[in-house]
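Peer 1: Take a look at input.tsv, TSV, C-alpha atoms and all ligand atoms:
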chain	number	residue	atom	x	y	z
K	1407	MET	CA	-3.35	13.61	12.37
K	1408	SER	CA	-1.21	16.45	13.65
K	1409	LEU	CA	0.98	17.30	10.69
K	1410	ASP	CA	4.77	17.10	10.99
K	1411	LEU	CA	5.15	20.69	9.76
K	1412	ASP	CA	8.93	20.56	9.98
K	1413	ALA	CA	9.08	17.66	7.51
K	1414	VAL	CA	6.55	19.38	5.24
K	1415	ALA	CA	8.67	22.56	5.21
K	1416	ARG	CA	11.78	20.56	4.32
K	1417	ILE	CA	9.90	18.82	1.50
K	1418	ARG	CA	8.80	22.18	0.13
K	1419	ALA	CA	12.40	23.43	0.25
K	1420	GLN	CA	13.57	20.38	-1.74
K	1421	LEU	CA	10.76	20.82	-4.26
K	1422	ASP	CA	11.61	24.51	-4.72
K	1423	ILE	CA	15.07	23.68	-6.09
K	1424	ALA	CA	14.31	20.50	-8.06
K	1425	ARG	CA	12.84	20.44	-11.55
K	1426	ARG	CA	13.23	16.83	-12.77
K	1427	ILE	CA	11.67	14.54	-10.18
K	1428	LEU	CA	11.31	10.77	-10.00
K	1429	LEU	CA	8.24	9.52	-8.11
K	1430	VAL	CA	8.25	5.90	-6.98
K	1431	THR	CA	5.61	3.74	-5.35
K	1432	HIS	CA	5.74	0.20	-4.03
K	1433	VAL	CA	5.83	-3.17	-5.75
K	1434	ASP	CA	2.54	-5.07	-5.95
K	1435	PRO	CA	0.75	-1.70	-5.91
K	1436	ASP	CA	-2.60	-1.10	-4.23
K	1437	GLY	CA	-5.01	1.81	-4.65
K	1438	ASP	CA	-3.13	4.12	-2.28
K	1439	ALA	CA	0.17	3.37	-4.03
K	1440	ILE	CA	-1.22	4.22	-7.47
K	1441	GLY	CA	-3.50	7.01	-6.20
K	1442	SER	CA	-0.80	8.87	-4.24
K	1443	LEU	CA	1.72	8.42	-7.07
K	1444	LEU	CA	-0.62	9.78	-9.75
K	1445	GLY	CA	-2.07	12.45	-7.48
K	1446	LEU	CA	1.31	13.92	-6.55
K	1447	GLY	CA	2.34	13.58	-10.20
K	1448	TRP	CA	-0.57	15.80	-11.30
K	1449	LEU	CA	0.10	18.33	-8.55
K	1450	LEU	CA	3.81	18.63	-9.36
K	1451	ARG	CA	3.12	18.93	-13.10
K	1452	GLY	CA	0.80	21.78	-12.18
K	1453	LEU	CA	3.81	23.47	-10.59
K	1454	GLY	CA	5.75	23.11	-13.85
K	1455	LYS	CA	7.89	20.19	-12.70
K	1456	GLU	CA	9.09	17.47	-15.04
K	1457	VAL	CA	7.99	14.24	-13.36
K	1458	THR	CA	8.51	10.57	-14.09
K	1459	LEU	CA	6.19	8.14	-12.30
K	1460	HIS	CA	7.54	4.69	-11.57
K	1461	CYS	CA	6.16	1.39	-10.32
K	1462	GLN	CA	8.05	-1.84	-10.83
K	1463	ASP	CA	4.91	-3.95	-11.18
K	1464	PRO	CA	2.09	-3.32	-13.67
K	1465	VAL	CA	-0.86	-1.16	-12.63
K	1466	PRO	CA	-3.73	-3.53	-11.67
K	1467	GLU	CA	-6.53	-3.48	-14.21
K	1468	HIS	CA	-9.09	-1.81	-11.93
K	1469	TYR	CA	-6.85	1.26	-11.55
K	1470	LEU	CA	-6.14	1.70	-15.26
K	1471	TRP	CA	-9.08	4.11	-15.61
K	1472	LEU	CA	-7.32	6.63	-13.35
K	1473	PRO	CA	-6.04	9.67	-15.25
K	1474	GLY	CA	-2.34	9.30	-16.06
K	1475	SER	CA	-2.08	5.59	-15.20
K	1476	LEU	CA	-0.77	4.74	-18.68
K	1477	ASP	CA	2.18	7.10	-18.17
K	1478	ILE	CA	3.53	5.11	-15.20
K	1479	VAL	CA	6.82	3.52	-16.23
K	1480	ARG	CA	8.25	0.23	-15.00
K	1481	ASN	CA	11.86	1.21	-15.62
K	1482	SER	CA	13.07	4.51	-14.21
K	1483	GLY	CA	16.38	4.41	-16.07
K	1484	VAL	CA	18.21	4.75	-12.76
K	1485	PRO	CA	20.33	1.69	-11.93
K	1486	ALA	CA	18.92	-0.62	-9.30
K	1487	PRO	CA	20.89	-1.15	-6.07
K	1488	ALA	CA	22.34	-4.38	-7.49
K	1489	GLN	CA	23.97	-2.56	-10.40
K	1490	PRO	CA	27.14	-0.47	-10.25
K	1491	HIS	CA	26.45	3.15	-9.37
K	1492	GLU	CA	29.05	4.33	-11.90
K	1493	SER	CA	26.59	3.68	-14.70
K	1494	ALA	CA	24.10	6.22	-13.34
K	1495	GLN	CA	23.19	9.12	-15.59
K	1496	PRO	CA	23.92	12.00	-13.25
K	1497	GLY	CA	21.46	14.79	-13.52
K	1498	ARG	CA	18.70	12.73	-15.06
K	1499	TYR	CA	16.67	13.38	-11.93
K	1500	GLU	CA	17.37	15.94	-9.25
K	1501	LEU	CA	15.07	14.50	-6.61
K	1502	GLY	CA	13.36	11.21	-5.78
K	1503	ILE	CA	10.08	10.83	-3.88
K	1504	SER	CA	8.88	7.50	-2.52
K	1505	LEU	CA	5.18	7.12	-1.80
K	1506	ASP	CA	3.53	4.55	0.51
K	1507	CYS	CA	6.81	2.58	0.82
K	1508	SER	CA	7.68	1.44	4.36
K	1509	ASP	CA	11.22	0.39	3.46
K	1510	PRO	CA	13.56	0.82	0.46
K	1511	GLN	CA	12.99	-2.76	-0.72
K	1512	ARG	CA	9.34	-1.87	-1.31
K	1513	MET	CA	10.49	0.42	-4.14
K	1514	GLY	CA	11.74	-2.66	-5.97
K	1515	THR	CA	14.49	-1.95	-8.44
K	1516	ALA	CA	13.39	1.66	-9.04
K	1517	LEU	CA	16.43	3.38	-7.65
K	1518	SER	CA	19.14	3.16	-5.10
K	1519	PRO	CA	18.34	5.69	-2.35
K	1520	SER	CA	22.00	6.69	-2.29
K	1521	LEU	CA	21.81	8.07	-5.84
K	1522	LEU	CA	19.41	10.92	-5.24
K	1523	PRO	CA	18.14	13.06	-2.42
K	1524	LEU	CA	15.04	11.10	-1.47
K	1525	ILE	CA	11.80	12.28	0.12
K	1526	ASN	CA	9.99	9.47	1.91
K	1527	ILE	CA	6.23	10.11	2.23
K	1528	ASP	CA	4.39	7.30	3.98
K	1529	HIS	CA	1.84	6.42	6.67
K	1530	HIS	CA	3.04	2.95	7.73
K	1531	VAL	CA	3.90	2.68	11.42
K	1532	THR	CA	6.68	0.26	10.38
K	1533	ASN	CA	8.45	2.83	8.12
K	1534	THR	CA	12.25	2.55	8.42
K	1535	ARG	CA	12.91	6.26	7.64
K	1536	PHE	CA	15.27	5.56	4.76
K	1537	GLY	CA	14.95	8.93	3.02
K	1538	THR	CA	16.89	12.19	3.10
K	1539	VAL	CA	13.66	13.74	4.33
K	1540	ASN	CA	11.20	11.42	6.08
K	1541	TRP	CA	7.57	12.45	6.41
K	1542	VAL	CA	5.82	9.56	8.13
K	1543	GLU	CA	2.33	9.98	9.59
K	1544	PRO	CA	1.05	6.68	11.04
K	1545	GLY	CA	-2.11	8.55	12.08
K	1546	SER	CA	-3.00	9.23	8.46
K	1547	VAL	CA	-5.48	6.87	6.81
K	1548	ALA	CA	-3.61	6.95	3.48
K	1549	THR	CA	-0.50	8.33	1.85
K	1550	ALA	CA	-2.92	10.02	-0.57
K	1551	GLN	CA	-4.34	11.98	2.38
K	1552	MET	CA	-0.82	13.21	3.20
K	1553	VAL	CA	-0.36	14.33	-0.42
K	1554	LEU	CA	-3.60	16.31	-0.16
K	1555	ALA	CA	-2.38	17.90	3.09
K	1556	LEU	CA	0.91	18.82	1.41
K	1557	ALA	CA	-0.98	20.43	-1.48
K	1558	ASP	CA	-3.37	22.35	0.76
K	1559	THR	CA	-0.77	23.62	3.20
K	1560	SER	CA	1.37	24.69	0.24
K	1561	GLY	CA	-1.44	26.48	-1.58
K	1562	TRP	CA	-1.19	24.31	-4.71
K	1563	THR	CA	-4.14	24.17	-7.09
K	1564	LEU	CA	-6.13	20.95	-6.66
K	1565	THR	CA	-7.27	19.85	-10.10
K	1566	GLN	CA	-9.95	17.25	-10.86
K	1567	PRO	CA	-7.50	14.55	-12.09
K	1568	ALA	CA	-5.40	14.91	-8.92
K	1569	ALA	CA	-8.56	14.76	-6.77
K	1570	VAL	CA	-9.80	11.53	-8.40
K	1571	CYS	CA	-6.46	9.81	-7.83
K	1572	LEU	CA	-6.13	10.97	-4.22
K	1573	LEU	CA	-9.70	9.97	-3.37
K	1574	THR	CA	-8.93	6.50	-4.76
K	1575	GLY	CA	-6.06	6.19	-2.29
K	1576	ILE	CA	-8.24	7.15	0.68
K	1577	VAL	CA	-11.20	5.00	-0.39
K	1578	THR	CA	-9.12	1.86	-0.96
K	1579	ASP	CA	-6.92	2.10	2.15
K	1580	THR	CA	-10.00	2.65	4.34
K	1581	ARG	CA	-12.08	0.07	2.41
K	1582	GLY	CA	-14.70	2.72	1.83
K	1583	PHE	CA	-14.30	4.58	5.16
K	1584	ARG	CA	-14.85	1.42	7.21
K	1585	THR	CA	-11.49	0.92	8.94
K	1586	SER	CA	-11.15	1.82	12.61
K	1587	ASN	CA	-8.67	4.65	11.90
K	1588	VAL	CA	-11.23	6.70	9.91
K	1589	ASP	CA	-11.64	10.02	11.69
K	1590	ALA	CA	-13.05	13.47	11.02
K	1591	LEU	CA	-9.95	14.44	9.05
K	1592	ALA	CA	-10.38	11.47	6.71
K	1593	MET	CA	-13.96	12.56	6.06
K	1594	ARG	CA	-12.92	16.21	5.62
K	1595	SER	CA	-10.21	15.15	3.16
K	1596	ALA	CA	-12.73	13.10	1.18
K	1597	LEU	CA	-15.17	16.04	1.18
K	1598	ARG	CA	-12.45	18.33	-0.12
K	1599	LEU	CA	-11.66	15.87	-2.95
K	1600	VAL	CA	-15.33	15.39	-3.85
K	1601	GLU	CA	-15.73	19.17	-3.98
K	1602	ALA	CA	-12.76	19.26	-6.37
K	1603	GLY	CA	-14.66	16.94	-8.70
K	1604	ALA	CA	-13.77	13.39	-7.62
K	1605	PRO	CA	-16.75	11.02	-8.21
K	1606	LEU	CA	-17.07	9.05	-4.95
K	1607	SER	CA	-19.57	6.38	-6.01
K	1608	SER	CA	-17.65	5.64	-9.19
K	1609	VAL	CA	-14.37	5.33	-7.28
K	1610	VAL	CA	-16.01	2.95	-4.79
K	1611	ARG	CA	-17.60	0.84	-7.49
K	1612	GLN	CA	-14.51	0.54	-9.68
K	1613	THR	CA	-12.01	-0.14	-6.90
K	1614	LEU	CA	-13.90	-1.98	-4.15
K	1615	GLU	CA	-16.96	-3.59	-5.69
K	1616	GLN	CA	-16.20	-4.72	-9.22
K	1617	ARG	CA	-13.99	-7.74	-9.80
K	1618	PRO	CA	-13.66	-10.41	-12.47
K	1619	LEU	CA	-15.72	-13.58	-12.12
K	1620	THR	CA	-12.48	-15.60	-11.98
K	1621	SER	CA	-11.52	-13.88	-8.72
K	1622	VAL	CA	-14.82	-14.83	-7.10
K	1623	GLN	CA	-14.49	-18.41	-8.37
K	1624	LEU	CA	-11.02	-18.60	-6.83
K	1625	TRP	CA	-12.39	-17.19	-3.57
K	1626	GLY	CA	-15.03	-19.90	-3.57
K	1627	GLU	CA	-12.43	-22.63	-3.44
K	1628	ALA	CA	-10.21	-20.82	-0.94
K	1629	ILE	CA	-13.22	-20.16	1.31
K	1630	GLY	CA	-14.10	-23.85	1.15
K	1631	ASP	CA	-10.71	-24.57	2.73
K	1632	LEU	CA	-10.96	-21.98	5.53
K	1633	ARG	CA	-9.68	-23.02	8.96
K	1634	LEU	CA	-10.37	-21.33	12.29
K	1635	GLU	CA	-8.02	-22.13	15.18
K	1636	ASP	CA	-7.51	-20.09	18.38
K	1637	GLY	CA	-9.24	-17.08	16.80
K	1638	ILE	CA	-7.00	-17.22	13.73
K	1639	LEU	CA	-8.84	-17.65	10.43
K	1640	TRP	CA	-6.68	-18.70	7.52
K	1641	THR	CA	-6.68	-20.16	4.05
K	1642	GLU	CA	-4.33	-20.73	1.15
K	1643	VAL	CA	-4.32	-19.59	-2.46
K	1644	THR	CA	-2.10	-22.14	-4.14
K	1645	ARG	CA	-0.33	-21.81	-7.46
K	1646	SER	CA	-2.61	-24.45	-8.97
K	1647	LEU	CA	-5.72	-22.58	-7.76
K	1648	ILE	CA	-4.50	-19.36	-9.43
K	1649	GLN	CA	-3.71	-21.22	-12.64
K	1650	ARG	CA	-7.00	-23.13	-12.68
K	1651	TRP	CA	-9.06	-19.94	-12.57
K	1652	GLY	CA	-6.67	-17.57	-14.34
K	1653	ALA	CA	-7.51	-15.00	-11.66
K	1654	PRO	CA	-5.59	-11.70	-11.48
K	1655	ASP	CA	-2.62	-11.36	-9.11
K	1656	ASP	CA	-4.53	-9.24	-6.62
K	1657	ALA	CA	-7.42	-11.69	-6.16
K	1658	SER	CA	-6.07	-12.55	-2.69
K	1659	SER	CA	-6.30	-8.99	-1.38
K	1660	GLY	CA	-10.01	-8.86	-2.19
K	1661	LEU	CA	-10.44	-12.22	-0.49
K	1662	ILE	CA	-8.70	-11.23	2.73
K	1663	ASN	CA	-10.65	-7.98	2.94
K	1664	PHE	CA	-13.87	-9.98	2.58
K	1665	LEU	CA	-12.78	-12.33	5.38
K	1666	THR	CA	-12.27	-9.44	7.84
K	1667	GLY	CA	-16.03	-9.57	8.27
K	1668	VAL	CA	-15.93	-13.00	9.94
K	1669	ARG	CA	-17.09	-12.42	13.52
K	1670	GLU	CA	-15.17	-15.33	15.09
K	1671	ALA	CA	-11.80	-14.15	13.73
K	1672	LYS	CA	-9.33	-12.05	15.69
K	1673	VAL	CA	-6.67	-12.40	13.01
K	1674	ILE	CA	-7.06	-13.40	9.37
K	1675	ALA	CA	-4.21	-14.79	7.27
K	1676	VAL	CA	-4.17	-15.62	3.57
K	1677	PHE	CA	-1.15	-17.43	2.12
K	1678	THR	CA	-0.66	-16.91	-1.61
K	1679	GLU	CA	1.82	-19.06	-3.47
K	1680	ARG	CA	3.75	-17.05	-6.06
K	1681	GLY	CA	6.28	-18.60	-8.45
K	1682	ASP	CA	9.84	-19.47	-7.36
K	1683	GLY	CA	8.96	-20.63	-3.84
K	1684	VAL	CA	7.78	-17.19	-2.73
K	1685	ILE	CA	4.76	-16.94	-0.44
K	1686	ASP	CA	2.83	-13.69	0.00
K	1687	VAL	CA	1.34	-13.48	3.46
K	1688	GLY	CA	-1.62	-11.15	3.95
K	1689	LEU	CA	-2.64	-10.35	7.53
K	1690	ARG	CA	-5.73	-8.56	8.89
K	1691	SER	CA	-6.96	-8.13	12.43
K	1692	ALA	CA	-10.09	-7.17	14.26
K	1693	PRO	CA	-9.85	-3.80	16.09
K	1694	GLY	CA	-7.86	-4.30	19.29
K	1695	TYR	CA	-5.40	-6.74	17.74
K	1696	ASP	CA	-2.15	-5.71	16.04
K	1697	VAL	CA	-0.71	-7.55	13.06
K	1698	ALA	CA	1.83	-4.84	12.09
K	1699	GLN	CA	4.33	-6.10	14.68
K	1700	VAL	CA	3.88	-9.70	13.52
K	1701	ALA	CA	4.59	-8.65	9.92
K	1702	LEU	CA	7.60	-6.61	11.04
K	1703	ARG	CA	9.09	-9.61	12.87
K	1704	LEU	CA	8.70	-11.61	9.65
K	1705	GLY	CA	10.48	-8.98	7.54
K	1706	GLY	CA	7.34	-7.24	6.26
K	1707	GLY	CA	5.36	-4.29	7.52
K	1708	GLY	CA	2.06	-2.46	7.46
K	1709	HIS	CA	-0.65	-1.19	9.76
K	1710	PRO	CA	-2.03	-2.58	13.04
K	1711	GLN	CA	-5.15	-3.83	11.23
K	1712	ALA	CA	-3.68	-4.68	7.81
K	1713	SER	CA	-0.17	-5.80	7.06
K	1714	GLY	CA	1.80	-8.42	5.20
K	1715	CYS	CA	5.13	-9.95	4.35
K	1716	THR	CA	6.75	-12.08	1.69
K	1717	LEU	CA	8.57	-15.24	2.71
K	1718	GLN	CA	10.66	-17.83	0.87
K	1719	GLY	CA	9.97	-21.49	1.35
K	1720	ARG	CA	7.38	-24.21	1.05
K	1721	LEU	CA	3.81	-23.20	1.71
K	1722	GLU	CA	3.35	-25.52	4.72
K	1723	ARG	CA	6.50	-24.33	6.46
K	1724	VAL	CA	5.74	-20.65	5.87
K	1725	ARG	CA	2.19	-21.16	7.12
K	1726	GLU	CA	3.32	-22.84	10.34
K	1727	ARG	CA	5.93	-20.15	10.99
K	1728	VAL	CA	3.43	-17.33	10.51
K	1729	LEU	CA	0.70	-19.01	12.57
K	1730	ARG	CA	3.21	-19.53	15.39
K	1731	GLU	CA	4.08	-15.79	15.35
K	1732	VAL	CA	0.40	-14.80	15.28
K	1733	ARG	CA	-0.41	-17.16	18.18
K	1734	SER	CA	2.37	-15.73	20.32
K	1735	SER	CA	1.25	-12.16	19.52
K	1736	LEU	CA	-2.30	-13.03	20.57
K	1737	ALA	CA	-0.94	-14.37	23.86
K	1738	GLY	CA	0.80	-11.02	24.58
K	1739	PRO	CA	-0.51	-7.54	25.36
K	1740	TYR	CA	-3.14	-6.27	22.95
K	1741	LEU	CA	-4.26	-2.87	21.77
K	1742	SER	CA	-7.33	-1.20	23.17
K	1743	ALA	CA	-10.40	-1.45	20.97
K	1744	ASP	CA	-9.82	1.97	19.38
K	1745	GLY	CA	-6.20	1.06	18.68
K	1746	SER	CA	-4.95	3.99	20.73
K	1747	GLY	CA	-3.12	2.25	23.54
K	1748	ILE	CA	-1.89	-0.98	25.02
K	1749	ASN	CA	-3.94	-2.99	27.50
K	1750	ALA	CA	-2.19	-5.49	29.69
K	1801	MN	MN	-1.26	3.21	2.05
As structure tokens - that is how I would like this structure written.
Ligand SMILES: [Mn+2]
Peer 2:
Amino acid sequence: MSLDLDAVARIRAQLDIARRILLVTHVDPDGDAIGSLLGLGWLLRGLGKEVTLHCQDPVPEHYLWLPGSLDIVRNSGVPAPAQPHESAQPGRYELGISLDCSDPQRMGTALSPSLLPLINIDHHVTNTRFGTVNWVEPGSVATAQMVLALADTSGWTLTQPAAVCLLTGIVTDTRGFRTSNVDALAMRSALRLVEAGAPLSSVVRQTLEQRPLTSVQLWGEAIGDLRLEDGILWTEVTRSLIQRWGAPDDASSGLINFLTGVREAKVIAVFTERGDGVIDVGLRSAPGYDVAQVALRLGGGGHPQASGCTLQGRLERVRERVLREVRSSLAGPYLSADGSGINA
């Protein structure tokens, strides 16, 4: 990752003049969302800033042990885009920062970007650059790694609570340093965080290994229904399956990560039926195949090896539409095995 130093300098300039800052991460938060949010929160508090941390959805249970997680609010007090801007409380916040959000919709109803100067810190290649300042590093393994780079290049003190949160972001987005984008910088960043007091084995165990029995029972059924066609491995997590086992909302993300180990699969898709006719589509690919562009075409986003989208409609129709897109992407040019370039 060669740092966009210009963006970093502009972020520092914004931070110098702002005192009350709203930090926002994405809906349906993962470890990098929560880790980068909390980590930057700790760092900015250390600078004497007044910060509010916001996530529209609840913090998943296996991240609740992270320091500061109970202070994350689900209502920022700033009107959502759907509400009239006149009712805003001017001056409540002087600056907004979005973390790990590839487009403004990912922030949920946290704030309308037009209300505040907004710093957009993210590592998704599909980022739409919706901020006043956009710092987007697709070469970075995690937004948490970017937060660490911001702290280190700015000379901020890295405390133990900040280090634990940031390491959680790196560990979860790399699935324990196993994704193909893990490089020397990712390892150096992790080393830096461990030296600052972050307990690596405990982070790995609590975020990647431990899960409720109900999740594994749900997986069992979904795995029983796996289909493999044209190198595409897919299954469905239906509403009734979720209700039968009472599994947590993020059971599907653990399942799809497990399925990335299937040797015969070039692309893995898991369709999860939410309420109100909404289908979450999780996509993963073997190195050399790119699912970020597929997700982007379907209104979502992500990384070449891990992406997703949310679609309205009946499960069968959504599934056929997504599988059609994946099939046509597999028929086209593909990335080289290290993900660095396009092969014909
Ligand atoms: Mn991330």
Peer 1: Neighbours of ligand MN 1801 (chain K) within 6 Å, counting only C-alpha atoms and all ligand atoms, as a ChimeraX atom specification?
Peer 2: /K:1438,1506,1548-1549,1579
Peer 1: Identify which of the residues K:Leu1564, K:Leu1554, K:Ala1692, K:Val1465 lies closest to Ala1592 of chain K, counting only C-alpha atoms when measuring atom-to-atom distances.
Peer 2: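 Smallest distance to Ala1592 of chain K is found for K:Leu1554.
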Peer 1: May I have the residues within 12 Å of Val1553 of chain K as a PyMOL selection string, using all atoms listed in the file and disregarding those fewer than 5 positions away in the same chain?
Peer 2: chain K and resi 1409+1414+1417+1438-1439+1441-1450+1503-1506+1526-1529+1541-1543+1546-1548+1558-1560+1562+1564+1568-1569+1571-1573+1575-1576+1595+1599
Peer 1: Compare K:Lys1455, K:Arg1690, K:Arg1611, K:Arg1645 by their minimum atom-to-atom distance to Thr1666 of chain K, counting all atoms listed in the file, and give me the closest one.
Peer 2: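 Among the listed residues, the smallest separation from Thr1666 of chain K belongs to K:Arg1690.
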Peer 1: Which one of K:Leu1522, K:Ile1440, K:Cys1507, K:Ala1424 sits closest to Leu1476 of chain K if you count all atoms listed in the file?
Peer 2: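 Checking each of K:Leu1522, K:Ile1440, K:Cys1507, K:Ala1424 against Leu1476 of chain K, counting all atoms listed in the file, the winner is K:Ile1440.
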Peer 1: For the atom pair atom CA of Val1479 of chain K and atom CA of Leu1501 of chain K, what is the interatomic distance in Å to one decimal place?
Peer 2: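 Interatomic distance, atom CA of Val1479 of chain K to atom CA of Leu1501 of chain K: 16.8 Å.
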Peer 1: Extract, using all atoms listed in the file, all DNA, RNA and protein residues at most 10 Å from Val1609 of chain K, discarding same-chain residues fewer than 5 positions from it, and format them as a list in words.
Peer 2: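 After dropping sequence-adjacent residues, the list is Tyr1469, Trp1471, Leu1472, Val1570, Cys1571, Leu1573, Thr1574, Gly1575, Val1577, Thr1578, Gly1582, Ala1604, Leu1614 and Glu1615 of chain K.
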Peer 1: What does the distance between atom CA of Leu1428 of chain K and atom CA of Glu1500 of chain K come to in Å, to one decimal place?
Peer 2: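 Straight-line distance from atom CA of Leu1428 of chain K to atom CA of Glu1500 of chain K works out to 8.0 Å.
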Peer 1: So how far away is atom CA of Asp1686 of chain K from atom CA of Gly1706 of chain K, in Å?
Peer 2: 10.1 Å
Peer 1: Please determine, counting only C-alpha atoms, which residue among K:Val1732, K:Ala1698, K:Ala1590, K:Leu1624 has the shortest atom-to-atom distance to Ile1674 of chain K.
Peer 2: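 Ranked by minimum distance to Ile1674 of chain K, first place goes to K:Val1732.
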Peer 1: Using only C-alpha atoms, can you tell me which of K:Arg1426, K:Arg1669, K:Arg1617, K:Arg1633 comes closest to Ala1653 of chain K?
Peer 2: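 Going through K:Arg1426, K:Arg1669, K:Arg1617, K:Arg1633 one by one, the smallest distance to Ala1653 of chain K is for K:Arg1617.
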